[in-house]
$ cat query-v4.txt   # compact mmCIF, C-alpha atoms and all ligand atoms
# COMPACT_ATOMS: atom_id res chain seq x y z
CA MET O 135 -7.31 6.61 19.07
CA LYS O 136 -7.91 6.73 15.35
CA GLU O 137 -6.40 10.19 14.93
CA LYS O 138 -3.02 9.21 16.33
CA VAL O 139 0.07 8.93 14.13
CA TYR O 140 2.96 6.82 15.38
CA ILE O 141 6.50 7.66 14.33
CA LYS O 142 9.83 6.06 15.03
CA LYS O 143 13.44 6.64 13.98
CA VAL O 144 15.02 3.59 12.35
CA ASN O 145 18.66 2.97 11.46
CA GLY O 146 17.99 0.84 8.41
CA TYR O 147 15.97 -2.03 6.95
CA GLN O 148 17.70 -4.51 9.25
CA ASP O 149 15.42 -3.06 11.98
CA ALA O 150 12.22 -3.06 9.89
CA VAL O 151 10.71 -6.25 11.35
CA GLU O 152 11.14 -5.00 14.90
CA VAL O 153 9.73 -1.53 14.24
CA VAL O 154 6.72 -2.84 12.31
CA GLU O 155 5.90 -5.18 15.22
CA ASP O 156 6.19 -2.17 17.53
CA MET O 157 3.72 -0.24 15.35
CA PHE O 158 1.29 -3.19 15.36
CA CYS O 159 1.42 -3.23 19.18
CA GLN O 160 0.40 0.42 19.30
CA LEU O 161 -2.41 0.30 16.73
CA GLU O 162 -5.64 -0.69 18.50
CA SER O 163 -7.35 -2.34 15.52
CA THR O 164 -4.63 -4.98 15.09
CA LYS O 165 -6.29 -6.73 18.05
CA GLN O 166 -8.99 -7.79 15.57
CA ILE O 167 -6.52 -10.07 13.79
CA ASN O 168 -7.05 -13.76 14.55
CA GLU O 169 -6.82 -17.15 12.84
CA ASN O 170 -9.91 -16.47 10.71
CA THR O 171 -9.01 -12.97 9.52
CA LYS O 172 -8.53 -12.68 5.76
CA ILE O 173 -5.73 -10.16 5.41
CA ILE O 174 -4.57 -8.13 2.40
CA LEU O 175 -1.14 -6.54 2.42
CA LYS O 176 -0.91 -3.72 -0.12
CA PRO O 177 2.63 -2.40 -0.75
CA ASN O 178 3.44 0.29 -3.31
CA LEU O 179 4.71 -1.49 -6.44
CA LEU O 180 4.51 1.34 -8.93
CA ALA O 181 6.85 -0.23 -11.47
CA LYS O 182 9.66 -2.76 -11.79
CA HIS O 183 12.44 -1.35 -9.62
CA ILE O 184 14.90 -2.86 -7.20
CA PRO O 185 14.36 -1.75 -3.55
CA GLU O 186 17.43 0.53 -3.62
CA HIS O 187 15.70 2.83 -6.13
CA ALA O 188 13.16 3.80 -3.42
CA VAL O 189 10.26 3.60 -5.87
CA THR O 190 8.59 0.63 -4.17
CA THR O 191 7.89 -0.46 -0.60
CA HIS O 192 10.93 -2.27 0.77
CA PRO O 193 10.47 -6.07 1.14
CA GLU O 194 11.63 -5.98 4.78
CA ILE O 195 8.66 -3.74 5.67
CA LEU O 196 6.44 -6.38 4.08
CA ARG O 197 8.24 -9.10 6.02
CA GLY O 198 7.59 -7.18 9.23
CA ALA O 199 3.87 -6.93 8.46
CA ILE O 200 3.62 -10.64 7.59
CA LYS O 201 5.39 -11.66 10.80
CA ALA O 202 3.23 -9.30 12.88
CA CYS O 203 0.06 -10.86 11.43
CA LEU O 204 1.33 -14.41 12.01
CA SER O 205 2.27 -13.65 15.60
CA ARG O 206 -1.32 -12.51 16.19
CA GLY O 207 -2.63 -15.89 15.07
CA ALA O 208 -3.34 -15.20 11.40
CA LYS O 209 -3.03 -18.26 9.17
CA ARG O 210 -0.57 -18.14 6.29
CA GLU O 211 -3.29 -19.20 3.84
CA ASN O 212 -5.37 -16.18 4.93
CA ILE O 213 -2.66 -13.65 4.10
CA LEU O 214 -2.36 -12.34 0.56
CA VAL O 215 0.02 -9.73 -0.87
CA LEU O 216 -1.16 -7.74 -3.89
CA ASP O 217 -0.85 -4.60 -5.98
CA SER O 218 -1.20 -3.54 -9.58
CA ALA O 219 1.31 -1.35 -11.39
CA GLY O 220 0.35 1.25 -13.96
CA GLY O 221 0.59 -0.75 -17.18
CA ILE O 222 -1.08 -3.92 -18.45
CA TYR O 223 -2.33 -6.02 -15.52
CA ASN O 224 -1.75 -9.72 -16.10
CA SER O 225 -0.19 -12.67 -14.35
CA GLY O 226 3.14 -12.56 -16.21
CA GLN O 227 3.62 -8.84 -15.56
CA MET O 228 2.80 -9.20 -11.86
CA LYS O 229 5.10 -12.20 -11.32
CA SER O 230 7.95 -10.27 -12.89
CA LEU O 231 7.12 -7.13 -10.87
CA TYR O 232 7.02 -9.03 -7.56
CA GLN O 233 10.33 -10.68 -8.43
CA VAL O 234 12.23 -7.51 -9.34
CA CYS O 235 10.87 -5.57 -6.35
CA GLY O 236 12.12 -8.31 -4.01
CA LEU O 237 8.72 -9.43 -2.73
CA THR O 238 8.76 -12.95 -4.17
CA LYS O 239 11.75 -13.91 -2.06
CA VAL O 240 10.22 -12.56 1.17
CA CYS O 241 6.83 -14.18 0.52
CA ASN O 242 8.47 -17.54 -0.26
CA GLU O 243 10.51 -17.35 2.91
CA GLU O 244 7.50 -16.40 5.04
CA GLY O 245 5.16 -18.87 3.31
CA VAL O 246 2.47 -16.46 2.09
CA ALA O 247 1.06 -15.97 -1.40
CA LEU O 248 1.30 -13.14 -3.90
CA TYR O 249 -1.84 -12.46 -5.94
CA THR O 250 -1.34 -13.11 -9.65
CA LEU O 251 -4.83 -14.03 -10.90
CA CYS O 252 -5.42 -10.38 -11.77
CA GLN O 253 -9.20 -10.47 -11.60
CA SER O 254 -11.36 -7.52 -10.67
CA THR O 255 -15.01 -6.69 -10.06
CA THR O 256 -16.98 -3.49 -10.63
CA ILE O 257 -18.69 -2.21 -7.49
CA ASP O 258 -21.25 0.56 -7.10
CA ILE O 259 -20.47 3.29 -4.63
CA ASP O 260 -22.11 6.52 -3.61
CA GLY O 261 -19.09 8.78 -3.96
CA GLN O 262 -19.04 12.51 -4.53
CA VAL O 263 -17.56 12.15 -8.03
CA ALA O 264 -17.26 8.37 -8.54
CA LYS O 265 -20.23 6.03 -8.69
CA GLN O 266 -18.38 2.82 -9.61
CA PHE O 267 -14.92 1.38 -9.10
CA ASP O 268 -13.17 -1.64 -10.58
CA ILE O 269 -11.42 -3.29 -7.63
CA ILE O 270 -9.01 -6.24 -7.52
CA ASN O 271 -11.12 -9.15 -6.25
CA PRO O 272 -9.35 -10.25 -3.03
CA VAL O 273 -9.58 -6.69 -1.67
CA LEU O 274 -13.36 -7.03 -1.75
CA GLN O 275 -13.22 -10.29 0.20
CA ALA O 276 -10.76 -9.09 2.85
CA ASP O 277 -11.56 -8.65 6.54
CA TYR O 278 -8.49 -6.54 7.20
CA ILE O 279 -6.49 -4.35 4.79
CA ILE O 280 -2.94 -3.32 5.63
CA ASN O 281 -1.68 -0.43 3.53
CA LEU O 282 2.12 -0.39 3.13
CA PRO O 283 2.99 2.81 1.26
CA LYS O 284 6.32 4.39 0.41
CA MET O 285 7.04 8.00 1.41
CA LYS O 286 7.60 9.77 -1.90
CA THR O 287 7.15 13.00 -3.76
CA HIS O 288 4.78 12.97 -6.73
CA VAL O 289 4.86 15.26 -9.77
CA MET O 290 1.07 15.34 -10.07
CA THR O 291 -0.15 15.31 -6.47
CA GLY O 292 2.92 16.70 -4.70
CA MET O 293 3.33 13.62 -2.54
CA SER O 294 2.43 9.96 -2.41
CA ALA O 295 1.98 8.02 0.82
CA ALA O 296 -1.01 6.45 2.62
CA CYS O 297 -3.90 7.92 0.57
CA LYS O 298 -2.48 7.67 -2.94
CA ASN O 299 -1.16 4.12 -2.44
CA MET O 300 -4.73 2.80 -2.30
CA PHE O 301 -5.23 3.87 -5.96
CA GLY O 302 -3.29 0.65 -6.69
CA ILE O 303 -6.30 -1.53 -5.80
CA ILE O 304 -7.74 -0.40 -9.14
CA PRO O 305 -6.30 -2.73 -11.78
CA GLY O 306 -3.61 -1.63 -14.25
CA LEU O 307 -4.77 0.54 -17.10
CA LYS O 308 -8.12 1.23 -15.39
CA LYS O 309 -6.15 3.75 -13.36
CA SER O 310 -5.30 5.68 -16.53
CA GLU O 311 -9.01 5.85 -17.35
CA TRP O 312 -9.58 7.76 -14.10
CA HIS O 313 -6.92 10.26 -15.13
CA MET O 314 -8.75 10.68 -18.42
CA ARG O 315 -12.13 11.12 -16.72
CA PHE O 316 -10.79 13.59 -14.18
CA PRO O 317 -7.93 15.50 -15.82
CA ASP O 318 -8.32 18.37 -13.35
CA LYS O 319 -6.61 17.68 -10.05
CA GLU O 320 -9.52 18.90 -7.95
CA ARG O 321 -11.88 16.17 -9.13
CA PHE O 322 -9.07 13.62 -9.23
CA GLY O 323 -8.46 14.38 -5.55
CA HIS O 324 -12.15 13.82 -4.80
CA MET O 325 -12.02 10.50 -6.66
CA ILE O 326 -9.16 9.33 -4.41
CA VAL O 327 -11.21 10.32 -1.35
CA ASP O 328 -14.26 8.48 -2.74
CA LEU O 329 -12.08 5.38 -3.06
CA LEU O 330 -10.68 5.70 0.47
CA GLU O 331 -14.14 6.17 1.93
CA ALA O 332 -15.54 3.20 -0.03
CA ILE O 333 -12.67 0.83 0.84
CA PRO O 334 -10.83 2.17 3.88
CA PRO O 335 -7.67 0.34 4.86
CA ASN O 336 -7.59 -0.66 8.54
CA ILE O 337 -4.04 0.55 9.10
CA ALA O 338 -1.07 1.93 7.18
CA ILE O 339 2.61 1.46 7.91
CA VAL O 340 4.66 3.96 5.88
CA ASP O 341 8.12 3.03 4.64
CA GLY O 342 10.07 6.26 5.12
CA ILE O 343 13.43 4.63 5.77
CA LEU O 344 14.69 5.22 2.23
CA ALA O 345 12.20 7.77 0.88
CA MET O 346 12.08 9.56 -2.48
CA GLU O 347 12.48 13.30 -3.09
CA GLY O 348 12.51 15.35 -6.30
CA ASP O 349 10.50 14.20 -9.29
CA GLY O 350 8.80 11.19 -7.71
CA PRO O 351 7.04 8.81 -7.67
CA ALA O 352 9.58 7.07 -9.95
CA GLY O 353 11.91 9.69 -11.41
CA GLY O 354 13.16 11.25 -8.17
CA ASN O 355 16.15 10.49 -5.97
CA PRO O 356 16.35 8.18 -2.94
CA ARG O 357 16.74 10.09 0.32
CA ASN O 358 17.64 8.49 3.61
CA VAL O 359 14.99 9.76 6.05
CA GLY O 360 15.14 6.82 8.46
CA ILE O 361 11.59 6.77 9.79
CA VAL O 362 8.61 4.45 9.92
CA MET O 363 5.14 5.88 10.56
CA ALA O 364 1.78 4.23 11.19
CA SER O 365 -1.85 5.13 11.77
CA GLU O 366 -5.43 3.99 11.38
CA ASN O 367 -6.16 7.33 9.71
CA MET O 368 -4.77 7.74 6.17
CA TYR O 369 -5.38 11.51 5.99
CA GLN O 370 -3.60 12.15 9.27
CA LEU O 371 -0.56 10.24 8.06
CA ASP O 372 -0.38 12.22 4.84
CA LEU O 373 -0.90 15.55 6.60
CA ALA O 374 2.05 14.74 8.84
CA ILE O 375 4.20 13.68 5.87
CA ALA O 376 3.28 16.80 3.87
CA GLY O 377 4.60 18.89 6.77
CA MET O 378 7.84 16.90 6.81
CA MET O 379 8.21 17.52 3.07
CA ASN O 380 7.60 21.25 3.64
CA LEU O 381 4.64 20.94 1.31
CA ASN O 382 1.43 22.88 1.91
CA ALA O 383 -1.06 20.03 2.48
CA MET O 384 -3.84 22.02 0.85
CA ARG O 385 -1.84 21.84 -2.41
CA VAL O 386 -2.22 18.06 -2.30
CA PRO O 387 -5.44 17.46 -4.25
CA TYR O 388 -6.81 14.56 -2.17
CA LEU O 389 -6.01 16.25 1.16
CA LYS O 390 -7.72 19.41 -0.03
CA ALA O 391 -10.71 17.28 -1.12
CA ALA O 392 -10.78 15.47 2.24
CA ASN O 393 -10.55 18.76 4.09
CA SER O 394 -13.49 20.15 2.11
CA ARG O 395 -15.56 17.19 3.38
CA ASN O 396 -14.42 17.70 6.99
CA LEU O 397 -12.47 14.45 6.91
CA CYS O 398 -9.23 16.11 7.94
CA SER O 399 -7.82 19.45 8.99
CA GLU O 400 -5.62 21.73 6.87
CA SER O 401 -2.41 20.63 8.51
CA PHE O 402 -1.19 18.11 11.03
CA ASP O 403 -1.64 18.93 14.71
CA LYS O 404 1.41 17.81 16.70
CA LYS O 405 -0.76 16.80 19.63
CA ASP O 406 -1.73 13.73 17.54
CA ILE O 407 1.79 12.35 17.30
CA VAL O 408 3.00 9.42 19.37
CA GLY O 409 6.80 9.28 19.35
CA ASP O 410 9.55 11.80 18.89
CA GLU O 411 7.78 15.04 17.88
CA THR O 412 11.00 16.54 16.49
CA LEU O 413 10.87 13.99 13.64
CA LEU O 414 7.91 15.95 12.25
CA GLU O 415 10.06 19.00 11.52
CA PRO O 416 10.46 19.79 7.79
CA ILE O 417 13.34 17.69 6.46
CA SER O 418 16.32 19.91 5.72
CA ASN O 419 16.80 20.71 2.00
CA TRP O 420 13.99 18.35 0.99
CA LYS O 421 13.48 18.54 -2.77
CA LEU O 422 9.90 18.85 -3.96
CA PRO O 423 8.98 17.85 -7.53
CA GLU O 424 9.79 20.42 -10.20
CA SER O 425 6.04 20.88 -10.70
CA TYR O 426 5.64 21.93 -7.04
CA THR O 427 8.67 24.16 -6.58
CA GLY O 428 8.61 27.93 -6.63
CA LYS O 429 6.09 30.33 -5.30
CA ASN O 430 3.18 28.73 -3.43
CA ASN O 431 4.29 25.24 -4.48
CA ALA O 432 2.94 26.14 -7.97
CA ASN O 433 1.53 22.85 -9.15
CA THR O 434 0.17 21.10 -12.19
CA ASP O 435 -3.36 22.42 -11.86
CA PHE O 436 -3.04 25.87 -10.46
CA ALA O 437 -6.43 26.91 -11.88
CA ALA O 438 -7.98 24.82 -9.13
CA PHE O 439 -6.23 26.90 -6.53
CA VAL O 440 -6.82 30.46 -7.72
CA PRO O 441 -9.86 32.51 -6.67
CA SER O 442 -12.97 31.30 -8.49
CA PHE O 443 -13.61 34.62 -10.27
CA ILE O 444 -10.37 34.37 -12.30
CA ARG O 445 -10.47 30.59 -12.69
CA PRO O 446 -12.09 30.61 -16.19
CA ILE O 447 -9.35 32.91 -17.52
CA VAL O 448 -6.56 30.80 -16.04
CA LYS O 449 -8.20 27.61 -17.36
CA LYS O 450 -8.01 28.98 -20.91
CA ILE O 451 -4.26 29.44 -20.86
CA GLU O 452 -3.44 26.70 -18.38
CA HIS O 453 -2.74 24.12 -21.03
CA THR O 454 0.05 26.23 -22.47
CA ILE O 455 1.68 27.31 -19.23
CA ALA O 456 1.19 24.25 -17.01
CA PRO O 457 4.14 21.99 -16.15
CA HIS O 458 4.27 19.28 -18.79
CA PRO O 459 6.22 16.14 -19.68
CA VAL O 460 9.14 16.39 -22.10
CA ILE O 461 11.06 13.48 -23.62
CA ASP O 462 14.83 13.35 -23.23
CA LYS O 463 15.62 11.74 -26.58
CA LYS O 464 19.14 10.79 -25.58
CA ARG O 465 17.83 8.64 -22.74
CA CYS O 466 14.71 7.25 -24.45
CA ILE O 467 15.11 3.60 -25.46
CA GLY O 468 11.83 3.43 -27.37
CA CYS O 469 10.27 0.77 -25.10
CA GLY O 470 6.75 2.15 -25.59
CA LYS O 471 5.68 1.90 -21.93
CA CYS O 472 4.70 5.59 -21.91
CA LYS O 473 2.58 5.13 -25.05
CA GLU O 474 0.90 2.06 -23.54
CA ILE O 475 -0.24 3.91 -20.40
CA CYS O 476 -1.28 7.22 -22.01
CA SER O 477 -5.07 7.35 -21.89
CA LYS O 478 -5.15 10.33 -24.30
CA ASP O 479 -3.08 8.74 -27.10
CA ALA O 480 -0.76 11.71 -26.71
CA ILE O 481 2.43 9.72 -27.31
CA ILE O 482 3.77 8.25 -30.53
CA ILE O 483 6.94 6.23 -31.04
CA LYS O 484 8.90 7.29 -34.09
CA ASP O 485 12.38 6.10 -35.03
CA LYS O 486 12.51 4.25 -31.68
CA LYS O 487 11.97 7.48 -29.74
CA ALA O 488 8.86 8.70 -27.91
CA LYS O 489 7.21 11.96 -28.93
CA ILE O 490 4.47 13.79 -27.01
CA ILE O 491 1.62 15.48 -28.86
CA ARG O 492 1.34 18.43 -26.51
CA LYS O 493 -2.20 19.53 -27.34
CA GLN O 494 -3.58 16.09 -26.40
CA CYS O 495 -1.71 15.86 -23.09
CA ILE O 496 -3.71 16.28 -19.86
CA HIS O 497 -0.61 16.45 -17.59
CA CYS O 498 -1.45 13.30 -15.66
CA PHE O 499 2.26 12.30 -15.69
CA CYS O 500 1.46 8.59 -15.89
CA CYS O 501 4.12 8.38 -18.62
CA HIS O 502 6.68 9.89 -16.24
CA GLU O 503 5.81 7.23 -13.63
CA VAL O 504 6.36 4.25 -15.90
CA CYS O 505 9.45 5.27 -17.89
CA PRO O 506 12.13 2.79 -16.83
CA VAL O 507 15.09 5.06 -17.72
CA LYS O 508 13.95 8.49 -16.42
CA ALA O 509 13.68 9.79 -19.99
CA ILE O 510 10.60 11.92 -19.23
CA GLU O 511 11.19 15.20 -17.47
CA VAL O 512 8.73 17.70 -16.05
CA LYS O 513 9.17 21.15 -17.55
CA LYS O 514 7.56 24.38 -16.50
CA LEU O 515 7.92 28.04 -17.37
CA GLU O 516 10.77 29.84 -15.66
CA ILE O 517 8.30 32.32 -14.18
CA PHE O 518 6.82 29.54 -12.01
CA LYS O 519 10.23 28.69 -10.60
CA LEU O 520 10.52 32.05 -8.89
S1 LIG L 1 1.58 12.31 -22.44
FE1 LIG L 1 1.96 11.61 -20.34
S2 LIG L 1 1.18 13.29 -19.08
FE2 LIG L 1 0.34 13.60 -21.12
S3 LIG L 1 -1.66 12.57 -21.06
FE3 LIG L 1 -0.18 11.08 -21.82
S4 LIG L 1 0.47 9.94 -20.00
FE4 LIG L 1 -0.52 11.84 -19.29
S1 LIG L 2 10.17 7.84 -22.93
FE1 LIG L 2 10.66 6.19 -21.50
S2 LIG L 2 8.82 4.91 -21.48
FE2 LIG L 2 8.67 6.22 -23.28
S3 LIG L 2 9.55 4.98 -24.94
FE3 LIG L 2 11.18 6.28 -24.12
S4 LIG L 2 12.19 4.96 -22.60
FE4 LIG L 2 10.19 4.02 -23.00
$ encode --input "query-v4.txt" --output "structure tokens"
Amino acid sequence: MKEKVYIKKVNGYQDAVEVVEDMFCQLESTKQINENTKIILKPNLLAKHIPEHAVTTHPEILRGAIKACLSRGAKRENILVLDSAGGIYNSGQMKSLYQVCGLTKVCNEEGVALYTLCQSTTIDIDGQVAKQFDIINPVLQADYIINLPKMKTHVMTGMSAACKNMFGIIPGLKKSEWHMRFPDKERFGHMIVDLLEAIPPNIAIVDGILAMEGDGPAGGNPRNVGIVMASENMYQLDLAIAGMMNLNAMRVPYLKAANSRNLCSESFDKKDIVGDETLLEPISNWKLPESYTGKNNANTDFAAFVPSFIRPIVKKIEHTIAPHPVIDKKRCIGCGKCKEICSKDAIIIKDKKAKIIRKQCIHCFCCHEVCPVKAIEVKKLEIFKL
């Protein structure tokens, strides 16, 4: 039943362990787990944030997944938790990230390891747009990959959940290189699909208890949605979540790319839900990112979504009119994290304040993701807010 999506209402993180076990019981492939299975648990650890900020997967969801694996006979030494954030990928950074996000405590209590060696290997793949990927080593040696995404909005892709979370198996700044190689969202979406097809997770359990709306994946606002979802099919999960966010799934670059390859439909079919179907209704007053609000969810790469005969004209002016990052100088603390991650050298730090060189910017919004004080806003022309 690979197409099925499981959904359950949850009161809070105190119930996370129980609901994750329930999801494991329903997902057929978890029967593969035994004492010899090498398991990777991949939460979303975008940046150093405490769980209450709703930027990262809550540690109690991780605890639930660890316990569910152990109860199926997995050995503690065969379970490894890993991710890479957007900036420099090294042991010190990862230890600090795991600590702040609350994962170190849970892993210590449950007796499983967090990956801090930060080694990766380049693999060849036969993707539609990507031919090689740098992948964090233990992912390549795993028998079973458990994807633990957070339900969030995303200024560049509209949303982030099961599909986008797997981008984190590419180490640190290598992710920025992909933004540089594929600045247009259409090809970026195909790259994400190439990655998912090359290294498909076995299951995903989505943390939608405290989700994020607005200018996610880091600059938005926590929103209590109170659900956990699971599936063996990443596209199906994200189609369902797009509907709940009242977001046209075909405006999500990787879902559009997957649909063009017949890997998913254009929207979620309610016949594939297991659980309370009413939970799939669009969430009342859900706030999309500024870059996706207004007519037709106008997004950061609208040239990709206009008829092909006018695409060249739109491409020419797109750079000027597209939603773009703007620094709030009052908030900026001059930490340089945005400069560090910008693959186009479009950011300079002057007088302890960041400044964006607009003509070099490719609107990838990586800077927006990593700013620790929400000092980078997404601006767009008033006309696109209509
Ligand atoms: S300034 Fe920000 S949005 Fe523009 S290219 Fe650099 S990281 Fe991407
Ligand atoms: S904009 Fe944010 S990330 Fe960039 S220097 Fe200022 S505080 Fe740091």
$ axis_aligned_box --input "query-v4.txt" --around "region 464-480 of chain O" --padding-each-side "5 Å" --output "JSON"
{"center_x": 7.0, "center_y": 6.2, "center_z": -23.9, "size_x": 34.3, "size_y": 20.9, "size_z": 17.0}
$ residues_near_ligand --input "query-v4.txt" --ligand "ligand LIG 2 (chain L)" --cutoff "8 Å" --atoms "all atoms listed in the file" --output "PyMOL selection string"
chain O and resi 461-463+465-473+483+486-489+501-502+504-510
$ residues_near_ligand --input "query-v4.txt" --ligand "ligand LIG 1 (chain L)" --cutoff "12 Å" --atoms "only C-alpha atoms and all ligand atoms" --output "JSON, numbers by chain"
{"O": [220, 221, 289, 290, 307, 309, 310, 311, 312, 313, 314, 315, 316, 317, 318, 434, 453, 456, 457, 458, 459, 460, 461, 470, 471, 472, 473, 474, 475, 476, 477, 478, 479, 480, 481, 482, 483, 488, 489, 490, 491, 492, 493, 494, 495, 496, 497, 498, 499, 500, 501, 502, 503, 504, 505, 509, 510, 511, 512, 513]}
$ atom_distance --input "query-v4.txt" --atom1 "CA of Ile326 (chain O)" --atom2 "CA of Gly350 (chain O)"
18.4 Å
$ residues_near_point --input "query-v4.txt" --point "(0.1, 3.2, 3.9)" --cutoff "10 Å" --atoms "all atoms listed in the file" --output "VMD selection string"
chain O and resid 175 to 178 191 280 to 285 294 to 300 335 to 341 363 to 368 371 to 372
$ closest_residue --input "query-v4.txt" --among "O:Arg197, O:Thr287, O:Lys265, O:Glu320" --to "Glu244 (chain O)" --atoms "all atoms listed in the file"
O:Arg197
$ residues_near_point --input "query-v4.txt" --point "(-13.9, -7.4, -12.7)" --cutoff "8 Å" --atoms "only C-alpha atoms" --output "MDAnalysis selection string"
chainID O and resid 253:256 268:271
$ closest_residue --input "query-v4.txt" --among "O:Glu194, O:Asp260, O:Glu415, O:Asp156" --to "Cys241 (chain O)" --atoms "only C-alpha atoms"
O:Glu194
$ residues_around --input "query-v4.txt" --residues "Thr412 (chain O)" --least-positions-apart "4" --cutoff "12 Å" --atoms "all atoms listed in the file" --output "short mmCIF file (atom, residue, chain, number, x, y, z; two decimals) with C-alpha atoms, in the frame of the given file"
data_model
loop_
_atom_site.label_atom_id
_atom_site.label_comp_id
_atom_site.auth_asym_id
_atom_site.auth_seq_id
_atom_site.Cartn_x
_atom_site.Cartn_y
_atom_site.Cartn_z
CA ILE O 141 6.50 7.66 14.33
CA LYS O 142 9.83 6.06 15.03
CA LYS O 143 13.44 6.64 13.98
CA ILE O 361 11.59 6.77 9.79
CA ALA O 374 2.05 14.74 8.84
CA GLY O 377 4.60 18.89 6.77
CA MET O 378 7.84 16.90 6.81
CA LYS O 404 1.41 17.81 16.70
CA ILE O 407 1.79 12.35 17.30
CA VAL O 408 3.00 9.42 19.37
CA PRO O 416 10.46 19.79 7.79
CA ILE O 417 13.34 17.69 6.46
#
$ atom_distance --input "query-v4.txt" --atom1 "CA of Ile303 (chain O)" --atom2 "CA of Ala247 (chain O)"
16.8 Å
$ closest_residue --input "query-v4.txt" --among "O:Asp349, O:Glu400, O:Asp406, O:Glu169" --to "Trp420 (chain O)" --atoms "all atoms listed in the file"
O:Asp349
$ atom_distance --input "query-v4.txt" --atom1 "CA of Ala219 (chain O)" --atom2 "CA of Pro305 (chain O)"
7.7 Å
$ closest_residue --input "query-v4.txt" --among "O:Tyr278, O:Phe301, O:Tyr426, O:Tyr232" --to "Asn168 (chain O)" --atoms "all atoms listed in the file"
O:Tyr278
$ closest_residue --input "query-v4.txt" --among "O:Gly236, O:Gly292, O:Pro334, O:Gly306" --to "Asp217 (chain O)" --atoms "only C-alpha atoms"
O:Gly306
$ decode --input "query-v4.txt" --residues "region 216-227 of chain O" --atoms "N, CA and C atoms" --output "compact mmCIF listing (two decimals), in the first residue's frame"
# COMPACT_ATOMS: atom_id res chain seq x y z
N LEU O 216 21.29 11.56 11.78
CA LEU O 216 22.17 12.50 11.07
C LEU O 216 21.38 13.54 10.30
N ASP O 217 22.07 14.64 10.03
CA ASP O 217 21.59 15.67 9.10
C ASP O 217 22.77 16.60 8.83
N SER O 218 22.60 17.51 7.90
CA SER O 218 23.58 18.59 7.75
C SER O 218 22.79 19.87 7.55
N ALA O 219 23.19 20.92 8.25
CA ALA O 219 22.52 22.21 8.09
C ALA O 219 23.09 22.91 6.86
N GLY O 220 22.69 24.14 6.65
CA GLY O 220 23.09 24.82 5.42
C GLY O 220 24.51 25.34 5.37
N GLY O 221 25.13 25.62 6.49
CA GLY O 221 26.44 26.26 6.48
C GLY O 221 27.59 25.27 6.41
N ILE O 222 28.71 25.65 7.04
CA ILE O 222 29.89 24.79 7.05
C ILE O 222 29.58 23.50 7.80
N TYR O 223 29.99 22.36 7.20
CA TYR O 223 29.63 21.05 7.75
C TYR O 223 30.86 20.44 8.42
N ASN O 224 30.95 20.60 9.74
CA ASN O 224 32.05 19.95 10.46
C ASN O 224 31.55 19.48 11.83
N SER O 225 32.40 18.73 12.48
CA SER O 225 32.02 18.06 13.71
C SER O 225 31.54 19.04 14.79
N GLY O 226 32.28 20.14 14.95
CA GLY O 226 31.93 21.12 15.98
C GLY O 226 30.56 21.73 15.73
N GLN O 227 30.34 22.11 14.46
CA GLN O 227 29.04 22.71 14.09
C GLN O 227 27.90 21.74 14.36
